[in-house]
Structures are given as C-alpha cells and as structure tokens.
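> I have a structure I would like to understand better, so I am pasting it below and will then ask my questions one at a time.
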Amino acid sequence: MSSSPQQLTTALDALDRAFAREAPFPVEGCTFCYPEEDLAELSGPLHLISDDVVTSVAMEVPSHWDDFPRLYRRLTPRIIRPVVAGRFDVDENLIASRLLQAGWTTWDEPLADALRDVWSAWWTATLHTHPSPVPARETLSLITVATNSLRPWLDRWAATRTPAADAHLADLVDDVMFEFEITDLRMGFYNEYHATEELLGWLLTEARGRIDDARLNDPGLLAHYLAAFPGRSGLGPGARGLGTTS
C-alpha cells in the first residue's frame with residue numbers, strides 16, 4: 001500500500017486529469033475590480049493564469065462573475081493543489097464556503113468524485129504528518145463544511161493511532177479550549193456548520209484517553225454540553241473523570 005503522501009499526490013494528479021475537460025470560456029465579470037486583461041487571462045489556458053489572479057478569484061464574492069460556478073469549477077485544480085500544500089493565501093474556511101456556493105457536489109460525477117478523493121487523501125496525510133502543511137483544524141474545517149459532515153472525519157481520526165494524529169489532537173484541543181471556544185464552535189467562512197455537539201461529545205468520550213488536558217475536566221464543560229443538548233442523557237464510560245478538577 002502506498003504511503004499517505006503518495007496517496008495524496010495520486011489524488012491531486014487525478015484531480016488535474018478530471019478537470020482537464022473544463023475548456024476555456026469567455027469570462028465576464030466586474031470590470032471595476034478586474035481589468036480587461038484579467039478577464040482575458042481568465043478566458044485563456046488554465047496554466048497561463050497567474051497565481052495572483054487565481055488567488056483573487058478564489059476569494060471573490062460570486063456576484064462579481066457572470067458565471068461563477070463555471071469559473072470556480074475550471075479553477076478548482078489551481079486552487080486546491082496550493083491549498084493542500086499550505087501555500088495559498090486564502091483562508092481555508094473561505095475556500096470551503098466558495099466551493100459550496102459553486103455547488104461542487106452537483107458537478108459532473110468524475111469532477112465531484114475527484115474532489116472527494118482529495119478530501120479523503122488529504123485528511124489521511126494530515127493525520128500521519130505533524131506538523132502538517134495545513135493545521136489539522138483548518139483541514140478538518142474545510143472538508144467538514146465542503147461535505148456537510150464532521151463525523152466521518154472524526155471516526156478516521158479515532159481510528160488513526162499515530163504519534164502525529166495524537167499531536168494534532170493536542171493542538172486542536174489547545175486551540176478550541178482557548179476561552180472555551182468549543183462551546184460555540186462554527187466552521188466555514190459564513191459559519192455554515194455548527195460543530196460543537198459532535199466535536200465536544202467526541203472529545204469528551206472517544207478521544208478523551210488520548211488527551212492530557214485538564215481543561216476537559218472542567219465541570220462547566222460537561223454542564224454546558226448537557227444543557228445545550230438535552231437529548232444527551234450522558235456521555236458513557238469514556239467520560240469518566242468529568243466533573244472533577246485535577
């Protein structure tokens with residue numbers, strides 16, 4: 001079996017091949033923000049579009065373009081490859097939100113499947129590499145918002161028992177426990193995904209034995225969880241020690 005970095009490289013190469021069918025088309029948009037030379041560049045061969053123009057389009061609001069979904073779809077390989085490498089100067093949450101606005105899950109099956117393969121390979125590579133090019137929290141946020149699903153990625157994390165995965169877990173907890181952000185944690189540039197219930201429940205149970213962070217024993221944290229999600233009568237044996245201080 002190939003290593004996780006090799007799997008990610010394979011997925012990215014497959015993404016390039018899948019999207020190569022996206023032919024150039026005349027791009028029309030806001031001429032106040034984008035001069036004619038930029039529009040002409042966007043209408044030409046993909047490899048000749050400058051990195052600066054790709055970056056600008058990646059963060060731009062959809063209303064700036066006559067056909068935003070088609071434009072974003074065509075630029076997807078030029079956006080995703082540097083994002084995954086941690087070399088793209090656009091917030092990962094914004095990329096996730098723009099992909100949703102572009103309707104990526106409705107694209108032709110080979111295109112959508114190629115992106116799904118990248119999400120899977122990227123997450124696996126992240127869990128096996130610490131530090132990773134993109135912090136685990138940012139990767140998790142992008143793929144969660146893009147797929148409208150957090151639990152499968154947490155399950156993958158729970159099943160990955162590597163020093164790198166544990167180090168990412170410690171980083172995540174340290175991040176989301178600052179000022180107890182975990183009690184109202186939202187993902188996506190427009191806060192599309194409310195992650196608190198799934199992530200907090202997971203941290204307090206399945207992941208608890210892998211984390212040495214006394215803040216997770218804060219009595220107020222469990223109280224908040226049970227008050228915010230009254231359908232949860234308890235957290236099971238994995239929550240032993242909660243409600244006590246250390």
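Labeling convention for the structure tokens: chains A, B, ... as they appear, residues from 1 per chain, ligands from 1 in order of appearance.
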Within 10 Å of Leu140 (chain A), counting only C-alpha atoms, which residues qualify if same-chain residues fewer than 5 places away don't, as a ChimeraX atom specification?
/A:92-93,119,122-123,126,134-135,145-146,150,153-154,187
> Give me the residues within 9 Å of Ala167 (chain A) as a list in words, counting only C-alpha atoms and dropping any in the same chain fewer than 5 places off.
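Result of the neighbour search: His130, Pro131, Thr162 and Leu172 of chain A.
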> Write down as a compact mmCIF listing (two decimals) with N, CA and C atoms, in the first residue's frame the residues of region 1-230 of chain A whose backbone DSSP state falls under helix (DSSP H, G or I).

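Generated output (out_10.txt):
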```
# COMPACT_ATOMS: atom_id res chain seq x y z
N SER A 4 0.69 7.66 2.76
CA SER A 4 -0.33 8.71 2.69
C SER A 4 0.10 9.90 1.83
N PRO A 5 1.36 10.36 1.87
CA PRO A 5 1.74 11.44 0.95
C PRO A 5 1.61 11.02 -0.51
N GLN A 6 1.95 9.78 -0.81
CA GLN A 6 1.82 9.29 -2.19
C GLN A 6 0.36 9.23 -2.61
N GLN A 7 -0.50 8.81 -1.68
CA GLN A 7 -1.93 8.75 -1.97
C GLN A 7 -2.47 10.15 -2.26
N LEU A 8 -1.99 11.12 -1.51
CA LEU A 8 -2.44 12.50 -1.74
C LEU A 8 -1.95 13.00 -3.09
N THR A 9 -0.70 12.73 -3.43
CA THR A 9 -0.18 13.12 -4.74
C THR A 9 -0.99 12.47 -5.85
N THR A 10 -1.31 11.21 -5.68
CA THR A 10 -2.12 10.50 -6.69
C THR A 10 -3.48 11.13 -6.84
N ALA A 11 -4.10 11.50 -5.71
CA ALA A 11 -5.43 12.12 -5.75
C ALA A 11 -5.39 13.48 -6.42
N LEU A 12 -4.34 14.25 -6.15
CA LEU A 12 -4.22 15.57 -6.78
C LEU A 12 -3.96 15.45 -8.28
N ASP A 13 -3.15 14.48 -8.67
CA ASP A 13 -2.92 14.27 -10.10
C ASP A 13 -4.20 13.83 -10.80
N ALA A 14 -5.00 13.01 -10.13
CA ALA A 14 -6.28 12.58 -10.69
C ALA A 14 -7.24 13.77 -10.79
N LEU A 15 -7.16 14.67 -9.83
CA LEU A 15 -7.98 15.87 -9.88
C LEU A 15 -7.64 16.70 -11.12
N ASP A 16 -6.36 16.87 -11.39
CA ASP A 16 -5.93 17.60 -12.58
C ASP A 16 -6.49 16.96 -13.85
N ARG A 17 -6.40 15.64 -13.92
CA ARG A 17 -6.87 14.95 -15.12
C ARG A 17 -8.39 15.07 -15.27
N ALA A 18 -9.11 14.95 -14.17
CA ALA A 18 -10.57 15.03 -14.24
C ALA A 18 -11.03 16.40 -14.71
N PHE A 19 -10.36 17.46 -14.24
CA PHE A 19 -10.79 18.81 -14.56
C PHE A 19 -10.19 19.33 -15.87
N GLU A 36 -9.77 44.43 -18.13
CA GLU A 36 -9.98 43.56 -19.29
C GLU A 36 -8.87 42.52 -19.45
N GLU A 37 -7.64 42.90 -19.10
CA GLU A 37 -6.55 41.94 -19.25
C GLU A 37 -6.69 40.75 -18.30
N ASP A 38 -7.25 40.99 -17.11
CA ASP A 38 -7.50 39.88 -16.18
C ASP A 38 -8.60 38.97 -16.72
N LEU A 39 -9.66 39.56 -17.25
CA LEU A 39 -10.75 38.76 -17.81
C LEU A 39 -10.26 37.95 -19.00
N ALA A 40 -9.40 38.56 -19.82
CA ALA A 40 -8.84 37.84 -20.96
C ALA A 40 -7.96 36.68 -20.48
N GLU A 41 -7.21 36.93 -19.42
CA GLU A 41 -6.34 35.88 -18.87
C GLU A 41 -7.19 34.71 -18.36
N LEU A 42 -8.28 35.04 -17.65
CA LEU A 42 -9.16 34.01 -17.12
C LEU A 42 -9.88 33.25 -18.24
N LEU A 46 -5.57 27.44 -18.80
CA LEU A 46 -5.52 27.41 -17.34
C LEU A 46 -4.12 27.63 -16.81
N HIS A 47 -3.13 27.03 -17.45
CA HIS A 47 -1.77 27.12 -16.92
C HIS A 47 -1.15 28.50 -17.10
N LEU A 48 -1.77 29.35 -17.93
CA LEU A 48 -1.24 30.69 -18.14
C LEU A 48 -1.87 31.73 -17.23
N ASP A 51 -0.83 33.22 -10.66
CA ASP A 51 -1.21 32.83 -9.31
C ASP A 51 -2.00 33.95 -8.62
N ASP A 52 -1.61 35.19 -8.86
CA ASP A 52 -2.29 36.31 -8.21
C ASP A 52 -3.76 36.39 -8.65
N VAL A 53 -4.02 36.16 -9.93
CA VAL A 53 -5.40 36.22 -10.42
C VAL A 53 -6.19 35.04 -9.86
N VAL A 54 -5.61 33.86 -9.82
CA VAL A 54 -6.29 32.70 -9.25
C VAL A 54 -6.66 32.96 -7.79
N THR A 55 -5.71 33.50 -7.05
CA THR A 55 -5.95 33.80 -5.63
C THR A 55 -7.08 34.81 -5.47
N SER A 56 -7.09 35.83 -6.31
CA SER A 56 -8.12 36.85 -6.22
C SER A 56 -9.50 36.28 -6.51
N VAL A 57 -9.60 35.44 -7.53
CA VAL A 57 -10.89 34.83 -7.87
C VAL A 57 -11.33 33.88 -6.77
N ALA A 58 -10.38 33.17 -6.18
CA ALA A 58 -10.72 32.18 -5.15
C ALA A 58 -11.42 32.80 -3.96
N MET A 59 -11.12 34.06 -3.66
CA MET A 59 -11.74 34.70 -2.51
C MET A 59 -12.87 35.65 -2.88
N PRO A 62 -19.28 35.63 -5.32
CA PRO A 62 -19.83 35.12 -6.58
C PRO A 62 -20.47 36.17 -7.47
N SER A 63 -21.02 37.22 -6.88
CA SER A 63 -21.74 38.22 -7.67
C SER A 63 -20.84 39.00 -8.61
N HIS A 64 -19.54 38.85 -8.48
CA HIS A 64 -18.60 39.55 -9.37
C HIS A 64 -18.51 38.90 -10.75
N PHE A 68 -20.25 32.34 -12.10
CA PHE A 68 -19.34 31.99 -11.01
C PHE A 68 -19.11 30.48 -10.89
N PRO A 69 -20.16 29.64 -10.90
CA PRO A 69 -19.92 28.20 -10.73
C PRO A 69 -18.98 27.63 -11.79
N ARG A 70 -19.16 28.05 -13.03
CA ARG A 70 -18.31 27.52 -14.09
C ARG A 70 -16.87 28.00 -13.93
N LEU A 71 -16.70 29.26 -13.57
CA LEU A 71 -15.36 29.80 -13.39
C LEU A 71 -14.65 29.11 -12.23
N TYR A 72 -15.35 28.96 -11.10
CA TYR A 72 -14.71 28.33 -9.94
C TYR A 72 -14.40 26.88 -10.23
N ARG A 73 -15.30 26.22 -10.95
CA ARG A 73 -15.06 24.82 -11.31
C ARG A 73 -13.79 24.69 -12.14
N ARG A 74 -13.66 25.57 -13.13
CA ARG A 74 -12.49 25.49 -14.00
C ARG A 74 -11.19 25.75 -13.24
N LEU A 75 -11.24 26.63 -12.25
CA LEU A 75 -10.04 26.98 -11.49
C LEU A 75 -9.75 26.02 -10.34
N THR A 76 -10.64 25.08 -10.09
CA THR A 76 -10.52 24.22 -8.91
C THR A 76 -9.15 23.57 -8.76
N PRO A 77 -8.57 22.96 -9.78
CA PRO A 77 -7.23 22.37 -9.57
C PRO A 77 -6.17 23.39 -9.19
N ARG A 78 -6.26 24.60 -9.74
CA ARG A 78 -5.30 25.66 -9.42
C ARG A 78 -5.51 26.19 -8.02
N ILE A 79 -6.69 25.98 -7.46
CA ILE A 79 -6.99 26.42 -6.09
C ILE A 79 -6.63 25.34 -5.08
N ILE A 80 -7.08 24.12 -5.34
CA ILE A 80 -6.97 23.06 -4.35
C ILE A 80 -5.53 22.61 -4.13
N ARG A 81 -4.75 22.49 -5.20
CA ARG A 81 -3.38 22.00 -5.02
C ARG A 81 -2.56 22.89 -4.07
N PRO A 82 -2.54 24.21 -4.23
CA PRO A 82 -1.78 25.02 -3.27
C PRO A 82 -2.45 25.09 -1.89
N VAL A 83 -3.77 24.96 -1.83
CA VAL A 83 -4.44 24.92 -0.53
C VAL A 83 -3.92 23.75 0.28
N VAL A 84 -3.91 22.57 -0.34
CA VAL A 84 -3.47 21.36 0.34
C VAL A 84 -2.01 21.45 0.76
N GLU A 92 -8.83 28.85 4.62
CA GLU A 92 -9.44 27.58 4.24
C GLU A 92 -10.95 27.59 4.41
N ASN A 93 -11.44 28.27 5.42
CA ASN A 93 -12.89 28.37 5.62
C ASN A 93 -13.57 29.05 4.45
N LEU A 94 -12.91 30.04 3.88
CA LEU A 94 -13.49 30.75 2.74
C LEU A 94 -13.50 29.85 1.50
N ILE A 95 -12.46 29.06 1.32
CA ILE A 95 -12.44 28.13 0.18
C ILE A 95 -13.61 27.16 0.29
N ALA A 96 -13.85 26.64 1.48
CA ALA A 96 -14.97 25.71 1.68
C ALA A 96 -16.29 26.38 1.34
N SER A 97 -16.47 27.61 1.79
CA SER A 97 -17.72 28.31 1.54
C SER A 97 -17.90 28.62 0.05
N ARG A 98 -16.82 28.98 -0.63
CA ARG A 98 -16.92 29.26 -2.06
C ARG A 98 -17.24 27.98 -2.84
N LEU A 99 -16.67 26.86 -2.44
CA LEU A 99 -16.99 25.60 -3.11
C LEU A 99 -18.48 25.27 -2.96
N LEU A 100 -19.02 25.53 -1.79
CA LEU A 100 -20.46 25.31 -1.60
C LEU A 100 -21.26 26.23 -2.51
N GLN A 101 -20.86 27.50 -2.57
CA GLN A 101 -21.57 28.45 -3.42
C GLN A 101 -21.47 28.07 -4.90
N TRP A 104 -20.31 22.46 -5.78
CA TRP A 104 -19.38 21.43 -6.25
C TRP A 104 -19.99 20.03 -6.20
N THR A 105 -20.88 19.75 -5.28
CA THR A 105 -21.46 18.41 -5.20
C THR A 105 -22.41 18.11 -6.35
N THR A 106 -22.81 19.15 -7.10
CA THR A 106 -23.70 18.95 -8.24
C THR A 106 -22.94 18.87 -9.56
N GLU A 109 -20.14 13.82 -12.16
CA GLU A 109 -19.64 12.83 -11.20
C GLU A 109 -18.13 12.69 -11.18
N PRO A 110 -17.44 12.63 -12.32
CA PRO A 110 -15.97 12.49 -12.25
C PRO A 110 -15.30 13.66 -11.54
N LEU A 111 -15.87 14.85 -11.67
CA LEU A 111 -15.28 16.02 -11.01
C LEU A 111 -15.51 15.97 -9.51
N ALA A 112 -16.75 15.73 -9.12
CA ALA A 112 -17.08 15.68 -7.69
C ALA A 112 -16.35 14.53 -7.01
N ASP A 113 -16.29 13.39 -7.67
CA ASP A 113 -15.60 12.24 -7.07
C ASP A 113 -14.11 12.52 -6.91
N ALA A 114 -13.52 13.22 -7.86
CA ALA A 114 -12.10 13.54 -7.75
C ALA A 114 -11.84 14.44 -6.55
N LEU A 115 -12.75 15.37 -6.30
CA LEU A 115 -12.61 16.22 -5.12
C LEU A 115 -12.79 15.42 -3.84
N ARG A 116 -13.77 14.53 -3.83
CA ARG A 116 -13.97 13.69 -2.64
C ARG A 116 -12.72 12.87 -2.33
N ASP A 117 -12.08 12.37 -3.37
CA ASP A 117 -10.86 11.59 -3.17
C ASP A 117 -9.75 12.46 -2.58
N VAL A 118 -9.69 13.72 -3.00
CA VAL A 118 -8.70 14.62 -2.42
C VAL A 118 -8.99 14.86 -0.95
N TRP A 119 -10.25 15.10 -0.59
CA TRP A 119 -10.58 15.31 0.83
C TRP A 119 -10.10 14.12 1.66
N SER A 120 -10.40 12.91 1.20
CA SER A 120 -10.04 11.72 1.95
C SER A 120 -8.52 11.56 2.06
N ALA A 121 -7.83 11.70 0.95
CA ALA A 121 -6.38 11.53 0.96
C ALA A 121 -5.69 12.64 1.77
N TRP A 122 -6.21 13.85 1.67
CA TRP A 122 -5.63 14.98 2.41
C TRP A 122 -5.76 14.76 3.91
N TRP A 123 -6.93 14.29 4.34
CA TRP A 123 -7.14 14.08 5.77
C TRP A 123 -6.24 12.96 6.29
N THR A 124 -6.13 11.89 5.53
CA THR A 124 -5.25 10.80 5.93
C THR A 124 -3.80 11.27 6.01
N ALA A 125 -3.35 12.02 5.02
CA ALA A 125 -1.98 12.53 5.04
C ALA A 125 -1.75 13.46 6.22
N THR A 126 -2.75 14.28 6.54
CA THR A 126 -2.63 15.19 7.68
C THR A 126 -2.46 14.40 8.97
N LEU A 127 -3.26 13.36 9.16
CA LEU A 127 -3.21 12.58 10.40
C LEU A 127 -1.92 11.80 10.55
N ALA A 136 -4.36 20.70 11.36
CA ALA A 136 -5.48 19.76 11.30
C ALA A 136 -6.82 20.47 11.45
N ARG A 137 -6.88 21.49 12.31
CA ARG A 137 -8.16 22.17 12.49
C ARG A 137 -8.63 22.82 11.19
N GLU A 138 -7.74 23.43 10.45
CA GLU A 138 -8.14 24.10 9.22
C GLU A 138 -8.52 23.09 8.14
N THR A 139 -7.76 22.01 8.05
CA THR A 139 -8.13 20.95 7.11
C THR A 139 -9.49 20.37 7.46
N LEU A 140 -9.69 20.07 8.75
CA LEU A 140 -10.96 19.50 9.19
C LEU A 140 -12.11 20.44 8.90
N SER A 141 -11.90 21.72 9.10
CA SER A 141 -12.95 22.69 8.85
C SER A 141 -13.33 22.72 7.38
N LEU A 142 -12.34 22.75 6.50
CA LEU A 142 -12.63 22.82 5.07
C LEU A 142 -13.40 21.58 4.61
N ILE A 143 -12.91 20.40 4.96
CA ILE A 143 -13.56 19.20 4.45
C ILE A 143 -14.91 18.96 5.11
N THR A 144 -15.07 19.41 6.35
CA THR A 144 -16.36 19.27 7.02
C THR A 144 -17.41 20.16 6.37
N VAL A 145 -17.07 21.41 6.15
CA VAL A 145 -18.02 22.33 5.52
C VAL A 145 -18.31 21.90 4.09
N ALA A 146 -17.28 21.51 3.35
CA ALA A 146 -17.47 21.11 1.96
C ALA A 146 -18.38 19.90 1.83
N THR A 147 -18.26 18.96 2.77
CA THR A 147 -19.05 17.72 2.70
C THR A 147 -20.27 17.75 3.60
N ARG A 151 -18.66 13.85 11.30
CA ARG A 151 -18.45 12.57 11.97
C ARG A 151 -17.52 11.61 11.22
N PRO A 152 -17.62 11.47 9.91
CA PRO A 152 -16.69 10.54 9.24
C PRO A 152 -15.23 10.90 9.44
N TRP A 153 -14.94 12.18 9.50
CA TRP A 153 -13.55 12.61 9.68
C TRP A 153 -13.10 12.39 11.11
N LEU A 154 -14.00 12.55 12.07
CA LEU A 154 -13.66 12.22 13.46
C LEU A 154 -13.44 10.72 13.61
N ASP A 155 -14.27 9.91 12.95
CA ASP A 155 -14.09 8.46 13.00
C ASP A 155 -12.73 8.07 12.45
N ARG A 156 -12.32 8.70 11.36
CA ARG A 156 -10.99 8.42 10.78
C ARG A 156 -9.90 8.79 11.79
N TRP A 157 -10.09 9.92 12.47
CA TRP A 157 -9.11 10.36 13.47
C TRP A 157 -9.05 9.35 14.61
N ALA A 158 -10.20 8.89 15.08
CA ALA A 158 -10.25 7.94 16.18
C ALA A 158 -9.54 6.64 15.81
N ALA A 159 -9.62 6.26 14.54
CA ALA A 159 -9.03 5.00 14.10
C ALA A 159 -7.55 5.13 13.77
N PRO A 163 1.55 8.83 16.42
CA PRO A 163 2.02 9.99 17.17
C PRO A 163 1.58 11.30 16.52
N ALA A 164 1.58 11.33 15.19
CA ALA A 164 1.17 12.56 14.51
C ALA A 164 -0.29 12.88 14.78
N ALA A 165 -1.16 11.87 14.71
CA ALA A 165 -2.59 12.09 14.97
C ALA A 165 -2.81 12.57 16.39
N ASP A 166 -2.06 12.00 17.35
CA ASP A 166 -2.19 12.43 18.74
C ASP A 166 -1.67 13.86 18.94
N ALA A 167 -0.61 14.20 18.24
CA ALA A 167 -0.08 15.56 18.34
C ALA A 167 -1.07 16.57 17.77
N HIS A 168 -1.70 16.23 16.64
CA HIS A 168 -2.74 17.10 16.07
C HIS A 168 -3.91 17.26 17.04
N LEU A 169 -4.24 16.17 17.73
CA LEU A 169 -5.35 16.22 18.68
C LEU A 169 -5.04 17.18 19.83
N ALA A 170 -3.82 17.11 20.32
CA ALA A 170 -3.42 18.03 21.39
C ALA A 170 -3.46 19.48 20.90
N ASP A 171 -3.02 19.70 19.68
CA ASP A 171 -3.07 21.06 19.11
C ASP A 171 -4.51 21.55 19.00
N LEU A 172 -5.38 20.67 18.52
CA LEU A 172 -6.79 21.06 18.35
C LEU A 172 -7.41 21.44 19.68
N VAL A 173 -7.20 20.61 20.68
CA VAL A 173 -7.78 20.88 21.99
C VAL A 173 -7.25 22.20 22.55
N ASP A 174 -5.96 22.40 22.45
CA ASP A 174 -5.38 23.65 22.95
C ASP A 174 -6.00 24.85 22.25
N ASP A 175 -6.31 24.69 20.96
CA ASP A 175 -6.88 25.77 20.17
C ASP A 175 -8.33 26.03 20.56
N VAL A 176 -9.15 25.00 20.54
CA VAL A 176 -10.60 25.21 20.75
C VAL A 176 -10.96 25.42 22.21
N PHE A 178 -9.30 27.50 24.10
CA PHE A 178 -8.98 28.88 24.45
C PHE A 178 -10.29 29.67 24.59
N GLU A 179 -10.49 30.24 25.76
CA GLU A 179 -11.71 30.96 26.09
C GLU A 179 -12.95 30.10 25.79
N PHE A 180 -12.79 28.78 25.89
CA PHE A 180 -13.88 27.81 25.73
C PHE A 180 -14.64 28.04 24.41
N GLU A 181 -13.87 28.27 23.35
CA GLU A 181 -14.48 28.41 22.03
C GLU A 181 -15.29 27.17 21.65
N ILE A 182 -14.90 26.03 22.20
CA ILE A 182 -15.56 24.77 21.86
C ILE A 182 -17.05 24.80 22.18
N THR A 183 -17.47 25.68 23.09
CA THR A 183 -18.89 25.71 23.46
C THR A 183 -19.76 26.37 22.39
N ASP A 184 -19.15 26.99 21.40
CA ASP A 184 -19.91 27.53 20.28
C ASP A 184 -18.99 27.58 19.06
N THR A 196 -20.14 22.12 17.52
CA THR A 196 -19.97 21.90 18.94
C THR A 196 -20.46 20.55 19.42
N GLU A 197 -21.68 20.18 19.09
CA GLU A 197 -22.23 18.94 19.64
C GLU A 197 -21.38 17.73 19.28
N GLU A 198 -21.06 17.59 17.99
CA GLU A 198 -20.29 16.41 17.55
C GLU A 198 -18.87 16.44 18.09
N LEU A 199 -18.21 17.59 17.97
CA LEU A 199 -16.79 17.66 18.33
C LEU A 199 -16.61 17.59 19.85
N LEU A 200 -17.43 18.32 20.60
CA LEU A 200 -17.29 18.29 22.05
C LEU A 200 -17.62 16.91 22.59
N GLY A 201 -18.70 16.31 22.10
CA GLY A 201 -19.04 14.96 22.54
C GLY A 201 -17.92 13.97 22.25
N TRP A 202 -17.30 14.10 21.08
CA TRP A 202 -16.20 13.22 20.70
C TRP A 202 -14.98 13.44 21.59
N LEU A 203 -14.66 14.69 21.87
CA LEU A 203 -13.51 14.99 22.72
C LEU A 203 -13.71 14.48 24.14
N LEU A 204 -14.95 14.53 24.61
CA LEU A 204 -15.23 14.10 25.98
C LEU A 204 -15.36 12.59 26.12
N ARG A 208 -10.98 11.14 24.62
CA ARG A 208 -10.54 11.62 25.93
C ARG A 208 -9.28 10.95 26.44
N GLY A 209 -9.15 9.65 26.22
CA GLY A 209 -8.00 8.95 26.74
C GLY A 209 -6.69 9.29 26.04
N ARG A 210 -6.78 10.02 24.93
CA ARG A 210 -5.58 10.37 24.17
C ARG A 210 -5.12 11.80 24.45
N ALA A 214 -6.23 19.15 31.31
CA ALA A 214 -7.13 19.23 32.46
C ALA A 214 -8.37 20.06 32.18
N ARG A 215 -8.30 20.93 31.20
CA ARG A 215 -9.46 21.79 30.91
C ARG A 215 -10.68 20.98 30.47
N LEU A 216 -10.43 19.80 29.92
CA LEU A 216 -11.56 18.95 29.52
C LEU A 216 -12.28 18.36 30.73
N ASN A 217 -11.68 18.47 31.93
CA ASN A 217 -12.35 18.01 33.15
C ASN A 217 -13.16 19.11 33.82
N PRO A 219 -15.93 21.10 35.22
CA PRO A 219 -17.34 20.73 35.43
C PRO A 219 -18.29 21.53 34.56
N GLY A 220 -17.94 22.78 34.28
CA GLY A 220 -18.81 23.62 33.48
C GLY A 220 -18.92 23.15 32.04
N LEU A 221 -17.89 22.45 31.55
CA LEU A 221 -17.91 21.99 30.17
C LEU A 221 -18.96 20.91 29.97
N LEU A 222 -18.97 19.93 30.85
CA LEU A 222 -19.99 18.88 30.76
C LEU A 222 -21.37 19.46 31.00
N ALA A 223 -21.48 20.39 31.95
CA ALA A 223 -22.78 21.01 32.23
C ALA A 223 -23.28 21.75 31.00
N HIS A 224 -22.38 22.46 30.33
CA HIS A 224 -22.78 23.17 29.11
C HIS A 224 -23.26 22.18 28.07
N TYR A 225 -22.54 21.10 27.89
CA TYR A 225 -22.89 20.12 26.88
C TYR A 225 -24.28 19.54 27.14
N LEU A 226 -24.54 19.15 28.38
CA LEU A 226 -25.82 18.53 28.70
C LEU A 226 -26.96 19.54 28.65
N ALA A 227 -26.67 20.81 28.98
CA ALA A 227 -27.71 21.83 28.91
C ALA A 227 -28.01 22.22 27.48
N ALA A 228 -26.97 22.30 26.65
CA ALA A 228 -27.16 22.71 25.26
C ALA A 228 -27.78 21.60 24.43
```
